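Okay, final24.cif now, which holds mmCIF, C-alpha atoms:
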data_structure
loop_
_atom_site.label_atom_id
_atom_site.label_comp_id
_atom_site.auth_asym_id
_atom_site.auth_seq_id
_atom_site.Cartn_x
_atom_site.Cartn_y
_atom_site.Cartn_z
CA MET U 1 34.80 -38.78 -26.22
CA ASP U 2 37.18 -37.83 -29.05
CA ASP U 3 36.15 -37.04 -32.63
CA THR U 4 36.74 -40.59 -33.85
CA ALA U 5 34.62 -42.20 -31.12
CA GLY U 6 31.80 -39.70 -31.64
CA THR U 7 31.89 -40.20 -35.41
CA ARG U 8 31.74 -43.97 -35.00
CA GLN U 9 28.76 -43.66 -32.69
CA ALA U 10 26.96 -41.32 -35.11
CA ALA U 11 27.62 -43.60 -38.10
CA ILE U 12 26.29 -46.68 -36.31
CA ALA U 13 23.27 -44.77 -34.97
CA TYR U 14 22.58 -43.55 -38.50
CA VAL U 15 22.23 -47.12 -39.80
CA GLU U 16 20.29 -48.28 -36.74
CA SER U 17 17.80 -45.44 -36.96
CA LEU U 18 17.22 -46.14 -40.66
CA GLU U 19 16.79 -49.88 -40.07
CA GLN U 20 14.37 -49.19 -37.21
CA ARG U 21 12.53 -46.43 -39.09
CA ASP U 22 13.18 -44.31 -36.03
CA TRP U 23 12.77 -40.97 -37.80
CA PRO U 24 13.01 -38.77 -34.71
CA ARG U 25 16.33 -40.43 -33.81
CA LEU U 26 17.57 -40.06 -37.39
CA ALA U 27 16.60 -36.38 -37.37
CA ARG U 28 18.60 -35.78 -34.20
CA LEU U 29 21.74 -37.20 -35.86
CA LEU U 30 21.59 -34.89 -38.87
CA ALA U 31 22.75 -31.32 -39.32
CA GLU U 32 19.99 -29.12 -40.72
CA GLU U 33 22.16 -28.43 -43.78
CA VAL U 34 23.06 -32.09 -44.42
CA VAL U 35 23.89 -32.93 -48.04
CA HIS U 36 23.26 -36.43 -49.40
CA GLU U 37 24.82 -37.44 -52.71
CA MET U 38 24.47 -40.49 -54.95
CA PRO U 39 27.26 -40.09 -57.51
CA GLN U 40 26.11 -43.01 -59.68
CA THR U 41 22.88 -41.20 -60.56
CA ARG U 42 24.33 -37.71 -60.03
CA GLU U 43 21.56 -36.96 -57.50
CA ARG U 44 21.90 -34.58 -54.57
CA ILE U 45 19.49 -33.94 -51.70
CA ARG U 46 19.95 -30.80 -49.63
CA GLY U 47 18.74 -30.35 -46.09
CA ARG U 48 17.47 -32.49 -43.25
CA SER U 49 13.79 -32.29 -44.06
CA ALA U 50 14.23 -33.36 -47.71
CA PHE U 51 16.56 -36.16 -46.66
CA LEU U 52 14.13 -37.41 -44.01
CA ARG U 53 11.35 -37.38 -46.59
CA PHE U 54 13.56 -39.27 -49.07
CA ASN U 55 13.99 -42.02 -46.47
CA THR U 56 10.42 -42.15 -45.21
CA GLU U 57 9.15 -42.34 -48.81
CA TYR U 58 11.76 -44.86 -49.99
CA PRO U 59 9.86 -47.79 -51.47
CA GLY U 60 10.33 -51.48 -50.75
CA ASP U 61 10.99 -53.64 -47.71
CA TRP U 62 14.60 -52.57 -47.29
CA HIS U 63 16.93 -53.62 -44.48
CA LEU U 64 20.42 -52.47 -43.57
CA ARG U 65 23.13 -54.21 -41.57
CA VAL U 66 26.60 -52.87 -40.83
CA ARG U 67 29.25 -55.22 -42.13
CA ARG U 68 32.06 -52.87 -41.20
CA VAL U 69 32.34 -49.37 -39.83
CA LEU U 70 35.51 -47.30 -39.85
CA ALA U 71 35.83 -43.99 -38.06
CA ASP U 72 38.74 -41.61 -38.47
CA GLY U 73 38.40 -38.13 -37.01
CA ARG U 74 35.23 -36.64 -38.45
CA PHE U 75 34.99 -39.18 -41.29
CA ALA U 76 33.33 -42.56 -41.28
CA ALA U 77 33.01 -45.29 -43.89
CA LEU U 78 30.19 -47.82 -43.73
CA TRP U 79 30.17 -51.12 -45.57
CA LEU U 80 26.56 -52.28 -45.52
CA ASP U 81 24.71 -55.49 -46.27
CA VAL U 82 21.45 -54.39 -47.80
CA ARG U 83 18.38 -56.53 -48.34
CA VAL U 84 15.43 -55.33 -50.40
CA GLY U 85 12.79 -58.04 -50.42
CA ALA U 86 14.69 -61.12 -51.66
CA ASP U 87 17.51 -59.10 -53.26
CA ARG U 88 20.82 -58.64 -51.52
CA LEU U 89 23.38 -56.01 -52.33
CA ASP U 90 26.34 -54.23 -50.79
CA ALA U 91 26.58 -50.51 -50.20
CA CYS U 92 29.53 -48.23 -49.50
CA VAL U 93 28.61 -45.08 -47.58
CA TRP U 94 30.92 -42.17 -46.74
CA VAL U 95 29.87 -40.01 -43.82
CA GLU U 96 31.15 -36.71 -42.41
CA VAL U 97 30.20 -35.08 -39.13
CA ASP U 98 30.50 -31.42 -38.22
CA GLU U 99 32.15 -29.89 -35.15
CA ARG U 100 28.99 -30.63 -33.11
CA GLY U 101 29.09 -34.32 -34.04
CA LEU U 102 26.09 -34.01 -36.40
CA ILE U 103 26.15 -35.73 -39.78
CA ASP U 104 26.44 -33.08 -42.45
CA ARG U 105 27.46 -35.09 -45.50
CA ILE U 106 26.55 -38.58 -46.73
CA THR U 107 27.67 -40.13 -50.02
CA ASP U 108 26.09 -43.42 -51.07
CA TYR U 109 27.42 -45.92 -53.60
CA TRP U 110 25.27 -48.84 -54.70
CA PRO U 111 27.60 -51.06 -56.75
CA GLU U 112 25.69 -53.40 -59.03
CA PRO U 113 26.76 -56.83 -60.33
CA TYR U 114 28.33 -57.04 -63.76
CA ASP U 115 30.07 -59.65 -65.90
CA PRO U 116 33.85 -59.86 -65.49
CA PRO U 117 35.88 -58.73 -68.49
CA ALA U 118 37.61 -61.47 -70.44
CA GLY U 119 41.33 -62.12 -70.16
CA ARG U 120 41.89 -62.69 -66.47
CA GLU U 121 40.34 -66.12 -66.05
CA HIS U 122 43.82 -67.57 -65.40
CA LEU U 123 44.17 -65.45 -62.24
CA VAL U 124 40.74 -65.53 -60.65
CA GLU U 125 38.27 -67.91 -59.09
CA ARG U 126 34.53 -67.15 -59.13
CA TRP U 127 32.02 -67.53 -56.38
CA MET I 1 53.45 -46.29 -34.61
CA ASP I 2 50.05 -47.69 -33.60
CA ASP I 3 47.92 -49.99 -35.74
CA THR I 4 45.87 -47.15 -37.20
CA ALA I 5 48.89 -45.11 -38.28
CA GLY I 6 50.55 -48.16 -39.83
CA THR I 7 47.36 -49.14 -41.65
CA ARG I 8 46.96 -45.63 -43.04
CA GLN I 9 50.54 -45.67 -44.28
CA ALA I 10 50.07 -49.08 -45.91
CA ALA I 11 46.82 -48.03 -47.60
CA ILE I 12 48.33 -44.86 -49.07
CA ALA I 13 51.47 -46.70 -50.16
CA TYR I 14 49.26 -49.32 -51.83
CA VAL I 15 47.64 -46.69 -54.08
CA GLU I 16 50.94 -44.88 -54.71
CA SER I 17 52.74 -48.05 -55.73
CA LEU I 18 49.92 -48.98 -58.13
CA GLU I 19 49.84 -45.49 -59.65
CA GLN I 20 53.63 -45.51 -60.04
CA ARG I 21 53.70 -49.11 -61.31
CA ASP I 22 56.29 -49.70 -58.61
CA TRP I 23 55.79 -53.47 -58.45
CA PRO I 24 58.64 -54.21 -56.01
CA ARG I 25 57.18 -51.66 -53.57
CA LEU I 26 53.69 -53.09 -54.03
CA ALA I 27 55.01 -56.60 -53.39
CA ARG I 28 56.60 -55.48 -50.12
CA LEU I 29 53.23 -54.18 -48.88
CA LEU I 30 51.39 -57.44 -49.45
CA ALA I 31 51.14 -60.58 -47.35
CA GLU I 32 51.99 -63.68 -49.36
CA GLU I 33 48.49 -65.03 -48.72
CA VAL I 34 46.69 -61.79 -49.68
CA VAL I 35 43.13 -62.25 -50.96
CA HIS I 36 41.64 -59.76 -53.42
CA GLU I 37 37.90 -59.79 -54.05
CA MET I 38 35.64 -57.98 -56.51
CA PRO I 39 32.11 -58.72 -55.25
CA GLN I 40 30.37 -57.18 -58.27
CA THR I 41 31.83 -59.84 -60.57
CA ARG I 42 32.21 -62.47 -57.83
CA GLU I 43 35.93 -62.75 -58.63
CA ARG I 44 38.61 -63.69 -56.12
CA ILE I 45 42.39 -63.68 -56.54
CA ARG I 46 44.47 -65.61 -54.03
CA GLY I 47 48.09 -64.91 -53.27
CA ARG I 48 50.62 -62.16 -53.81
CA SER I 49 52.04 -63.45 -57.06
CA ALA I 50 48.64 -63.81 -58.76
CA PHE I 51 47.59 -60.38 -57.50
CA LEU I 52 50.80 -58.77 -58.74
CA ARG I 53 50.25 -60.39 -62.13
CA PHE I 54 46.64 -59.16 -62.20
CA ASN I 55 47.90 -55.61 -61.74
CA THR I 56 50.87 -55.76 -64.11
CA GLU I 57 48.62 -57.26 -66.81
CA TYR I 58 45.69 -54.89 -66.21
CA PRO I 59 44.89 -53.24 -69.55
CA GLY I 60 44.44 -49.54 -70.27
CA ASP I 61 46.08 -46.30 -69.20
CA TRP I 62 44.64 -46.33 -65.67
CA HIS I 63 45.41 -43.79 -62.96
CA LEU I 64 44.46 -43.72 -59.29
CA ARG I 65 44.22 -40.81 -56.88
CA VAL I 66 43.19 -40.99 -53.23
CA ARG I 67 40.17 -38.78 -52.58
CA ARG I 68 39.89 -39.95 -48.99
CA VAL I 69 41.58 -42.52 -46.79
CA LEU I 70 40.25 -43.71 -43.45
CA ALA I 71 42.23 -45.92 -41.11
CA ASP I 72 40.81 -47.58 -38.03
CA GLY I 73 42.92 -50.23 -36.31
CA ARG I 74 43.84 -52.79 -38.95
CA PHE I 75 41.12 -51.65 -41.38
CA ALA I 76 41.32 -48.97 -44.04
CA ALA I 77 38.81 -47.59 -46.51
CA LEU I 78 39.95 -45.85 -49.68
CA TRP I 79 37.77 -43.60 -51.81
CA LEU I 80 39.55 -43.33 -55.14
CA ASP I 81 39.29 -41.13 -58.20
CA VAL I 82 40.08 -43.40 -61.11
CA ARG I 83 40.87 -42.35 -64.64
CA VAL I 84 41.08 -44.85 -67.48
CA GLY I 85 41.93 -42.99 -70.66
CA ALA I 86 39.23 -40.31 -70.87
CA ASP I 87 36.81 -42.12 -68.54
CA ARG I 88 36.50 -41.16 -64.90
CA LEU I 89 35.02 -43.29 -62.19
CA ASP I 90 35.00 -43.65 -58.43
CA ALA I 91 36.14 -46.71 -56.53
CA CYS I 92 35.57 -47.85 -52.96
CA VAL I 93 38.30 -50.15 -51.63
CA TRP I 94 38.34 -51.93 -48.28
CA VAL I 95 41.75 -52.99 -46.97
CA GLU I 96 42.87 -55.12 -44.05
CA VAL I 97 46.39 -55.52 -42.70
CA ASP I 98 47.74 -58.41 -40.65
CA GLU I 99 49.63 -58.24 -37.35
CA ARG I 100 52.87 -57.48 -39.26
CA GLY I 101 51.25 -54.51 -41.03
CA LEU I 102 51.08 -56.33 -44.38
CA ILE I 103 47.95 -56.06 -46.51
CA ASP I 104 46.20 -59.42 -46.47
CA ARG I 105 42.74 -58.55 -47.79
CA ILE I 106 41.51 -56.09 -50.41
CA THR I 107 37.91 -55.72 -51.57
CA ASP I 108 37.22 -53.52 -54.59
CA TYR I 109 33.92 -51.96 -55.61
CA TRP I 110 33.59 -50.21 -58.97
CA PRO I 111 30.19 -48.51 -58.85
CA GLU I 112 28.87 -47.70 -62.33
CA PRO I 113 26.51 -44.89 -63.37
CA TYR I 114 22.83 -45.71 -63.74
CA ASP I 115 19.59 -43.81 -64.29
CA PRO I 116 17.80 -42.65 -61.15
CA PRO I 117 14.51 -44.40 -60.39
CA ALA I 118 11.37 -42.32 -60.93
CA GLY I 119 9.42 -40.84 -58.06
CA ARG I 120 11.98 -38.78 -56.18
CA GLU I 121 12.42 -35.87 -58.54
CA HIS I 122 10.71 -33.57 -56.02
CA LEU I 123 13.52 -34.18 -53.51
CA VAL I 124 16.69 -34.23 -55.59
CA GLU I 125 18.79 -32.03 -57.80
CA ARG I 126 20.98 -33.51 -60.55
CA TRP I 127 24.51 -32.67 -61.50
#
Render the structure in this file as structure tokens.
Amino acid sequence: MDDTAGTRQAAIAYVESLEQRDWPRLARLLAEEVVHEMPQTRERIRGRSAFLRFNTEYPGDWHLRVRRVLADGRFAALWLDVRVGADRLDACVWVEVDERGLIDRITDYWPEPYDPPAGREHLVERW
Amino acid sequence: MDDTAGTRQAAIAYVESLEQRDWPRLARLLAEEVVHEMPQTRERIRGRSAFLRFNTEYPGDWHLRVRRVLADGRFAALWLDVRVGADRLDACVWVEVDERGLIDRITDYWPEPYDPPAGREHLVERW
């Protein structure tokens, strides 16, 4: 299996193990020194055990579904459909794996809805 | 050149042509029926000419730099460093090319900063 195929498999397994709350499986996918960043809040979590705890403690009835996964060498990009209770949102997640195929870097973006700026109504349709 | 290599080239050229305001080059990269979506504002732009106009009319001194590009078959994901005047933000852009290698779908996310929720201070560091 080449880097790209292994990265794709790791990225998909990452989402599956979160969705299934399969913490032992999630732990096996992660490098011990994994770094998780959320640039919107400027938060960083260092290390597998802290990141596992972040996920096990995360509140709410959250569910993840892969809308699209791209793998390219040791990088993956995940476009996720997220459901938290009745709320739906999209997430963009950037993943890196190390030379052993373990995930050692995850960057999450949680883009929130906002009102469109004025001045482009003549070009756009809304949904 | 396989699909992945062509998609990567198209995705990079897309950002370069925007940054350089090279509208003829941008036009050559786009399928006539290109669809551009911004899910955060639920806005959709249909067609090359409307999308070109959206970009040529876009206000502000904006600049784009590719932080990471992933290509995978006919899909690409772009992680962009954006500068608008003195403001800096990140963008996540999902691109699709058609069988001719022309970009026929672009989905932009513009994640904005927000305050971290309480209750995870014991696991995170801030930057």
Using all atoms listed in the file, I'd like every residue of chain I that has an atom within 8 Å of chain U; please write them out as a PyMOL selection string. chain I and resi 39-46+50-51+53-54+70-72+75-77+92+109-116+120+123-127
All Cα atoms, paired in order, least squares: that's the fit I need for chain I onto chain U, output as a PDB file with C-alpha atoms, in the coordinates of the input.
ATOM      1  CA  MET I   1      34.817 -38.739 -26.240  1.00  0.00           C
ATOM      2  CA  ASP I   2      37.205 -37.822 -29.068  1.00  0.00           C
ATOM      3  CA  ASP I   3      36.159 -37.038 -32.632  1.00  0.00           C
ATOM      4  CA  THR I   4      36.720 -40.590 -33.846  1.00  0.00           C
ATOM      5  CA  ALA I   5      34.622 -42.189 -31.110  1.00  0.00           C
ATOM      6  CA  GLY I   6      31.804 -39.692 -31.641  1.00  0.00           C
ATOM      7  CA  THR I   7      31.883 -40.198 -35.407  1.00  0.00           C
ATOM      8  CA  ARG I   8      31.735 -43.969 -35.002  1.00  0.00           C
ATOM      9  CA  GLN I   9      28.754 -43.643 -32.686  1.00  0.00           C
ATOM     10  CA  ALA I  10      26.967 -41.311 -35.110  1.00  0.00           C
ATOM     11  CA  ALA I  11      27.620 -43.601 -38.084  1.00  0.00           C
ATOM     12  CA  ILE I  12      26.282 -46.689 -36.305  1.00  0.00           C
ATOM     13  CA  ALA I  13      23.279 -44.784 -34.970  1.00  0.00           C
ATOM     14  CA  TYR I  14      22.588 -43.549 -38.511  1.00  0.00           C
ATOM     15  CA  VAL I  15      22.230 -47.124 -39.814  1.00  0.00           C
ATOM     16  CA  GLU I  16      20.291 -48.283 -36.738  1.00  0.00           C
ATOM     17  CA  SER I  17      17.797 -45.445 -36.965  1.00  0.00           C
ATOM     18  CA  LEU I  18      17.216 -46.139 -40.674  1.00  0.00           C
ATOM     19  CA  GLU I  19      16.783 -49.874 -40.076  1.00  0.00           C
ATOM     20  CA  GLN I  20      14.375 -49.194 -37.202  1.00  0.00           C
ATOM     21  CA  ARG I  21      12.541 -46.436 -39.102  1.00  0.00           C
ATOM     22  CA  ASP I  22      13.165 -44.312 -36.029  1.00  0.00           C
ATOM     23  CA  TRP I  23      12.761 -40.973 -37.812  1.00  0.00           C
ATOM     24  CA  PRO I  24      13.000 -38.758 -34.704  1.00  0.00           C
ATOM     25  CA  ARG I  25      16.319 -40.421 -33.805  1.00  0.00           C
ATOM     26  CA  LEU I  26      17.564 -40.062 -37.377  1.00  0.00           C
ATOM     27  CA  ALA I  27      16.601 -36.382 -37.377  1.00  0.00           C
ATOM     28  CA  ARG I  28      18.602 -35.787 -34.196  1.00  0.00           C
ATOM     29  CA  LEU I  29      21.738 -37.199 -35.857  1.00  0.00           C
ATOM     30  CA  LEU I  30      21.593 -34.887 -38.853  1.00  0.00           C
ATOM     31  CA  ALA I  31      22.751 -31.314 -39.321  1.00  0.00           C
ATOM     32  CA  GLU I  32      19.997 -29.123 -40.731  1.00  0.00           C
ATOM     33  CA  GLU I  33      22.152 -28.415 -43.787  1.00  0.00           C
ATOM     34  CA  VAL I  34      23.064 -32.079 -44.422  1.00  0.00           C
ATOM     35  CA  VAL I  35      23.895 -32.922 -48.044  1.00  0.00           C
ATOM     36  CA  HIS I  36      23.265 -36.424 -49.390  1.00  0.00           C
ATOM     37  CA  GLU I  37      24.812 -37.442 -52.701  1.00  0.00           C
ATOM     38  CA  MET I  38      24.461 -40.498 -54.930  1.00  0.00           C
ATOM     39  CA  PRO I  39      27.263 -40.106 -57.497  1.00  0.00           C
ATOM     40  CA  GLN I  40      26.117 -43.024 -59.662  1.00  0.00           C
ATOM     41  CA  THR I  41      22.887 -41.209 -60.540  1.00  0.00           C
ATOM     42  CA  ARG I  42      24.323 -37.712 -60.018  1.00  0.00           C
ATOM     43  CA  GLU I  43      21.568 -36.971 -57.484  1.00  0.00           C
ATOM     44  CA  ARG I  44      21.915 -34.586 -54.559  1.00  0.00           C
ATOM     45  CA  ILE I  45      19.495 -33.946 -51.695  1.00  0.00           C
ATOM     46  CA  ARG I  46      19.960 -30.801 -49.635  1.00  0.00           C
ATOM     47  CA  GLY I  47      18.728 -30.361 -46.105  1.00  0.00           C
ATOM     48  CA  ARG I  48      17.489 -32.495 -43.247  1.00  0.00           C
ATOM     49  CA  SER I  49      13.808 -32.284 -44.057  1.00  0.00           C
ATOM     50  CA  ALA I  50      14.233 -33.344 -47.700  1.00  0.00           C
ATOM     51  CA  PHE I  51      16.564 -36.163 -46.661  1.00  0.00           C
ATOM     52  CA  LEU I  52      14.140 -37.398 -44.008  1.00  0.00           C
ATOM     53  CA  ARG I  53      11.362 -37.367 -46.596  1.00  0.00           C
ATOM     54  CA  PHE I  54      13.558 -39.272 -49.065  1.00  0.00           C
ATOM     55  CA  ASN I  55      13.996 -42.011 -46.476  1.00  0.00           C
ATOM     56  CA  THR I  56      10.416 -42.152 -45.201  1.00  0.00           C
ATOM     57  CA  GLU I  57       9.156 -42.328 -48.805  1.00  0.00           C
ATOM     58  CA  TYR I  58      11.763 -44.853 -49.986  1.00  0.00           C
ATOM     59  CA  PRO I  59       9.864 -47.792 -51.494  1.00  0.00           C
ATOM     60  CA  GLY I  60      10.324 -51.487 -50.755  1.00  0.00           C
ATOM     61  CA  ASP I  61      10.978 -53.631 -47.705  1.00  0.00           C
ATOM     62  CA  TRP I  62      14.612 -52.554 -47.294  1.00  0.00           C
ATOM     63  CA  HIS I  63      16.918 -53.625 -44.479  1.00  0.00           C
ATOM     64  CA  LEU I  64      20.417 -52.478 -43.572  1.00  0.00           C
ATOM     65  CA  ARG I  65      23.116 -54.213 -41.564  1.00  0.00           C
ATOM     66  CA  VAL I  66      26.589 -52.867 -40.826  1.00  0.00           C
ATOM     67  CA  ARG I  67      29.251 -55.248 -42.119  1.00  0.00           C
ATOM     68  CA  ARG I  68      32.050 -52.875 -41.185  1.00  0.00           C
ATOM     69  CA  VAL I  69      32.342 -49.359 -39.825  1.00  0.00           C
ATOM     70  CA  LEU I  70      35.513 -47.289 -39.858  1.00  0.00           C
ATOM     71  CA  ALA I  71      35.836 -43.980 -38.062  1.00  0.00           C
ATOM     72  CA  ASP I  72      38.746 -41.608 -38.465  1.00  0.00           C
ATOM     73  CA  GLY I  73      38.403 -38.115 -37.013  1.00  0.00           C
ATOM     74  CA  ARG I  74      35.218 -36.636 -38.441  1.00  0.00           C
ATOM     75  CA  PHE I  75      35.001 -39.179 -41.285  1.00  0.00           C
ATOM     76  CA  ALA I  76      33.320 -42.566 -41.285  1.00  0.00           C
ATOM     77  CA  ALA I  77      33.007 -45.294 -43.886  1.00  0.00           C
ATOM     78  CA  LEU I  78      30.195 -47.832 -43.719  1.00  0.00           C
ATOM     79  CA  TRP I  79      30.161 -51.139 -45.566  1.00  0.00           C
ATOM     80  CA  LEU I  80      26.553 -52.283 -45.520  1.00  0.00           C
ATOM     81  CA  ASP I  81      24.700 -55.491 -46.255  1.00  0.00           C
ATOM     82  CA  VAL I  82      21.431 -54.405 -47.798  1.00  0.00           C
ATOM     83  CA  ARG I  83      18.374 -56.538 -48.340  1.00  0.00           C
ATOM     84  CA  VAL I  84      15.431 -55.342 -50.407  1.00  0.00           C
ATOM     85  CA  GLY I  85      12.797 -58.054 -50.432  1.00  0.00           C
ATOM     86  CA  ALA I  86      14.690 -61.120 -51.671  1.00  0.00           C
ATOM     87  CA  ASP I  87      17.514 -59.117 -53.275  1.00  0.00           C
ATOM     88  CA  ARG I  88      20.827 -58.643 -51.522  1.00  0.00           C
ATOM     89  CA  LEU I  89      23.371 -56.005 -52.321  1.00  0.00           C
ATOM     90  CA  ASP I  90      26.337 -54.238 -50.789  1.00  0.00           C
ATOM     91  CA  ALA I  91      26.586 -50.515 -50.195  1.00  0.00           C
ATOM     92  CA  CYS I  92      29.534 -48.239 -49.493  1.00  0.00           C
ATOM     93  CA  VAL I  93      28.610 -45.077 -47.580  1.00  0.00           C
ATOM     94  CA  TRP I  94      30.908 -42.181 -46.731  1.00  0.00           C
ATOM     95  CA  VAL I  95      29.858 -39.993 -43.801  1.00  0.00           C
ATOM     96  CA  GLU I  96      31.140 -36.717 -42.408  1.00  0.00           C
ATOM     97  CA  VAL I  97      30.203 -35.083 -39.118  1.00  0.00           C
ATOM     98  CA  ASP I  98      30.493 -31.410 -38.222  1.00  0.00           C
ATOM     99  CA  GLU I  99      32.150 -29.887 -35.152  1.00  0.00           C
ATOM    100  CA  ARG I 100      28.987 -30.610 -33.103  1.00  0.00           C
ATOM    101  CA  GLY I 101      29.089 -34.305 -34.060  1.00  0.00           C
ATOM    102  CA  LEU I 102      26.090 -33.997 -36.401  1.00  0.00           C
ATOM    103  CA  ILE I 103      26.155 -35.731 -39.777  1.00  0.00           C
ATOM    104  CA  ASP I 104      26.431 -33.075 -42.464  1.00  0.00           C
ATOM    105  CA  ARG I 105      27.459 -35.106 -45.512  1.00  0.00           C
ATOM    106  CA  ILE I 106      26.551 -38.587 -46.732  1.00  0.00           C
ATOM    107  CA  THR I 107      27.679 -40.138 -50.013  1.00  0.00           C
ATOM    108  CA  ASP I 108      26.095 -43.424 -51.077  1.00  0.00           C
ATOM    109  CA  TYR I 109      27.425 -45.924 -53.595  1.00  0.00           C
ATOM    110  CA  TRP I 110      25.272 -48.860 -54.695  1.00  0.00           C
ATOM    111  CA  PRO I 111      27.607 -51.069 -56.728  1.00  0.00           C
ATOM    112  CA  GLU I 112      25.701 -53.419 -59.042  1.00  0.00           C
ATOM    113  CA  PRO I 113      26.765 -56.848 -60.330  1.00  0.00           C
ATOM    114  CA  TYR I 114      28.319 -57.043 -63.779  1.00  0.00           C
ATOM    115  CA  ASP I 115      30.068 -59.655 -65.907  1.00  0.00           C
ATOM    116  CA  PRO I 116      33.835 -59.871 -65.496  1.00  0.00           C
ATOM    117  CA  PRO I 117      35.885 -58.713 -68.482  1.00  0.00           C
ATOM    118  CA  ALA I 118      37.626 -61.461 -70.456  1.00  0.00           C
ATOM    119  CA  GLY I 119      41.332 -62.103 -70.171  1.00  0.00           C
ATOM    120  CA  ARG I 120      41.880 -62.679 -66.470  1.00  0.00           C
ATOM    121  CA  GLU I 121      40.358 -66.105 -66.053  1.00  0.00           C
ATOM    122  CA  HIS I 122      43.826 -67.566 -65.416  1.00  0.00           C
ATOM    123  CA  LEU I 123      44.171 -65.449 -62.258  1.00  0.00           C
ATOM    124  CA  VAL I 124      40.736 -65.526 -60.654  1.00  0.00           C
ATOM    125  CA  GLU I 125      38.268 -67.901 -59.104  1.00  0.00           C
ATOM    126  CA  ARG I 126      34.526 -67.162 -59.142  1.00  0.00           C
ATOM    127  CA  TRP I 127      31.995 -67.525 -56.398  1.00  0.00           C
TER     128      TRP I 127
END
The PyMOL selection byres ((chain U and resi 10-18) around 10) applied to the shown file, residues as a PDB file with C-alpha atoms, keeping the file's coordinate frame:
ATOM      1  CA  THR U   4      36.740 -40.590 -33.850  1.00  0.00           C
ATOM      2  CA  ALA U   5      34.620 -42.200 -31.120  1.00  0.00           C
ATOM      3  CA  GLY U   6      31.800 -39.700 -31.640  1.00  0.00           C
ATOM      4  CA  THR U   7      31.890 -40.200 -35.410  1.00  0.00           C
ATOM      5  CA  ARG U   8      31.740 -43.970 -35.000  1.00  0.00           C
ATOM      6  CA  GLN U   9      28.760 -43.660 -32.690  1.00  0.00           C
ATOM      7  CA  GLU U  19      16.790 -49.880 -40.070  1.00  0.00           C
ATOM      8  CA  GLN U  20      14.370 -49.190 -37.210  1.00  0.00           C
ATOM      9  CA  ARG U  21      12.530 -46.430 -39.090  1.00  0.00           C
ATOM     10  CA  ASP U  22      13.180 -44.310 -36.030  1.00  0.00           C
ATOM     11  CA  TRP U  23      12.770 -40.970 -37.800  1.00  0.00           C
ATOM     12  CA  PRO U  24      13.010 -38.770 -34.710  1.00  0.00           C
ATOM     13  CA  ARG U  25      16.330 -40.430 -33.810  1.00  0.00           C
ATOM     14  CA  LEU U  26      17.570 -40.060 -37.390  1.00  0.00           C
ATOM     15  CA  ALA U  27      16.600 -36.380 -37.370  1.00  0.00           C
ATOM     16  CA  ARG U  28      18.600 -35.780 -34.200  1.00  0.00           C
ATOM     17  CA  LEU U  29      21.740 -37.200 -35.860  1.00  0.00           C
ATOM     18  CA  LEU U  30      21.590 -34.890 -38.870  1.00  0.00           C
ATOM     19  CA  LEU U  52      14.130 -37.410 -44.010  1.00  0.00           C
ATOM     20  CA  ASN U  55      13.990 -42.020 -46.470  1.00  0.00           C
ATOM     21  CA  THR U  56      10.420 -42.150 -45.210  1.00  0.00           C
ATOM     22  CA  TRP U  62      14.600 -52.570 -47.290  1.00  0.00           C
ATOM     23  CA  HIS U  63      16.930 -53.620 -44.480  1.00  0.00           C
ATOM     24  CA  LEU U  64      20.420 -52.470 -43.570  1.00  0.00           C
ATOM     25  CA  ARG U  65      23.130 -54.210 -41.570  1.00  0.00           C
ATOM     26  CA  VAL U  66      26.600 -52.870 -40.830  1.00  0.00           C
ATOM     27  CA  ARG U  68      32.060 -52.870 -41.200  1.00  0.00           C
ATOM     28  CA  VAL U  69      32.340 -49.370 -39.830  1.00  0.00           C
ATOM     29  CA  LEU U  70      35.510 -47.300 -39.850  1.00  0.00           C
ATOM     30  CA  ALA U  71      35.830 -43.990 -38.060  1.00  0.00           C
ATOM     31  CA  PHE U  75      34.990 -39.180 -41.290  1.00  0.00           C
ATOM     32  CA  ALA U  76      33.330 -42.560 -41.280  1.00  0.00           C
ATOM     33  CA  ALA U  77      33.010 -45.290 -43.890  1.00  0.00           C
ATOM     34  CA  LEU U  78      30.190 -47.820 -43.730  1.00  0.00           C
ATOM     35  CA  LEU U  80      26.560 -52.280 -45.520  1.00  0.00           C
ATOM     36  CA  VAL U  93      28.610 -45.080 -47.580  1.00  0.00           C
ATOM     37  CA  TRP U  94      30.920 -42.170 -46.740  1.00  0.00           C
ATOM     38  CA  VAL U  95      29.870 -40.010 -43.820  1.00  0.00           C
ATOM     39  CA  GLU U  96      31.150 -36.710 -42.410  1.00  0.00           C
ATOM     40  CA  VAL U  97      30.200 -35.080 -39.130  1.00  0.00           C
ATOM     41  CA  GLY U 101      29.090 -34.320 -34.040  1.00  0.00           C
ATOM     42  CA  LEU U 102      26.090 -34.010 -36.400  1.00  0.00           C
ATOM     43  CA  ILE U 103      26.150 -35.730 -39.780  1.00  0.00           C
TER      44      ILE U 103
END
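Note that the spacing between CA of Arg74 (chain U) and CA of Asp81 (chain I) amounts to 20.7 Å.
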One decimal, Å: what's the distance from CA of Asp87 (chain I) over to CA of Asp61 (chain I), could you say?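 If I compute the distance from CA of Asp87 (chain I) to CA of Asp61 (chain I), I get 10.2 Å.
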Using all atoms listed in the file, the shortest atom-to-atom distance to Asp108 (chain I) among I:Met1, I:Gly60, I:Arg83, I:Val35 belongs to I:Val35
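The space separating CA of Glu32 (chain I) from CA of Arg48 (chain I) comes to 4.9 Å.
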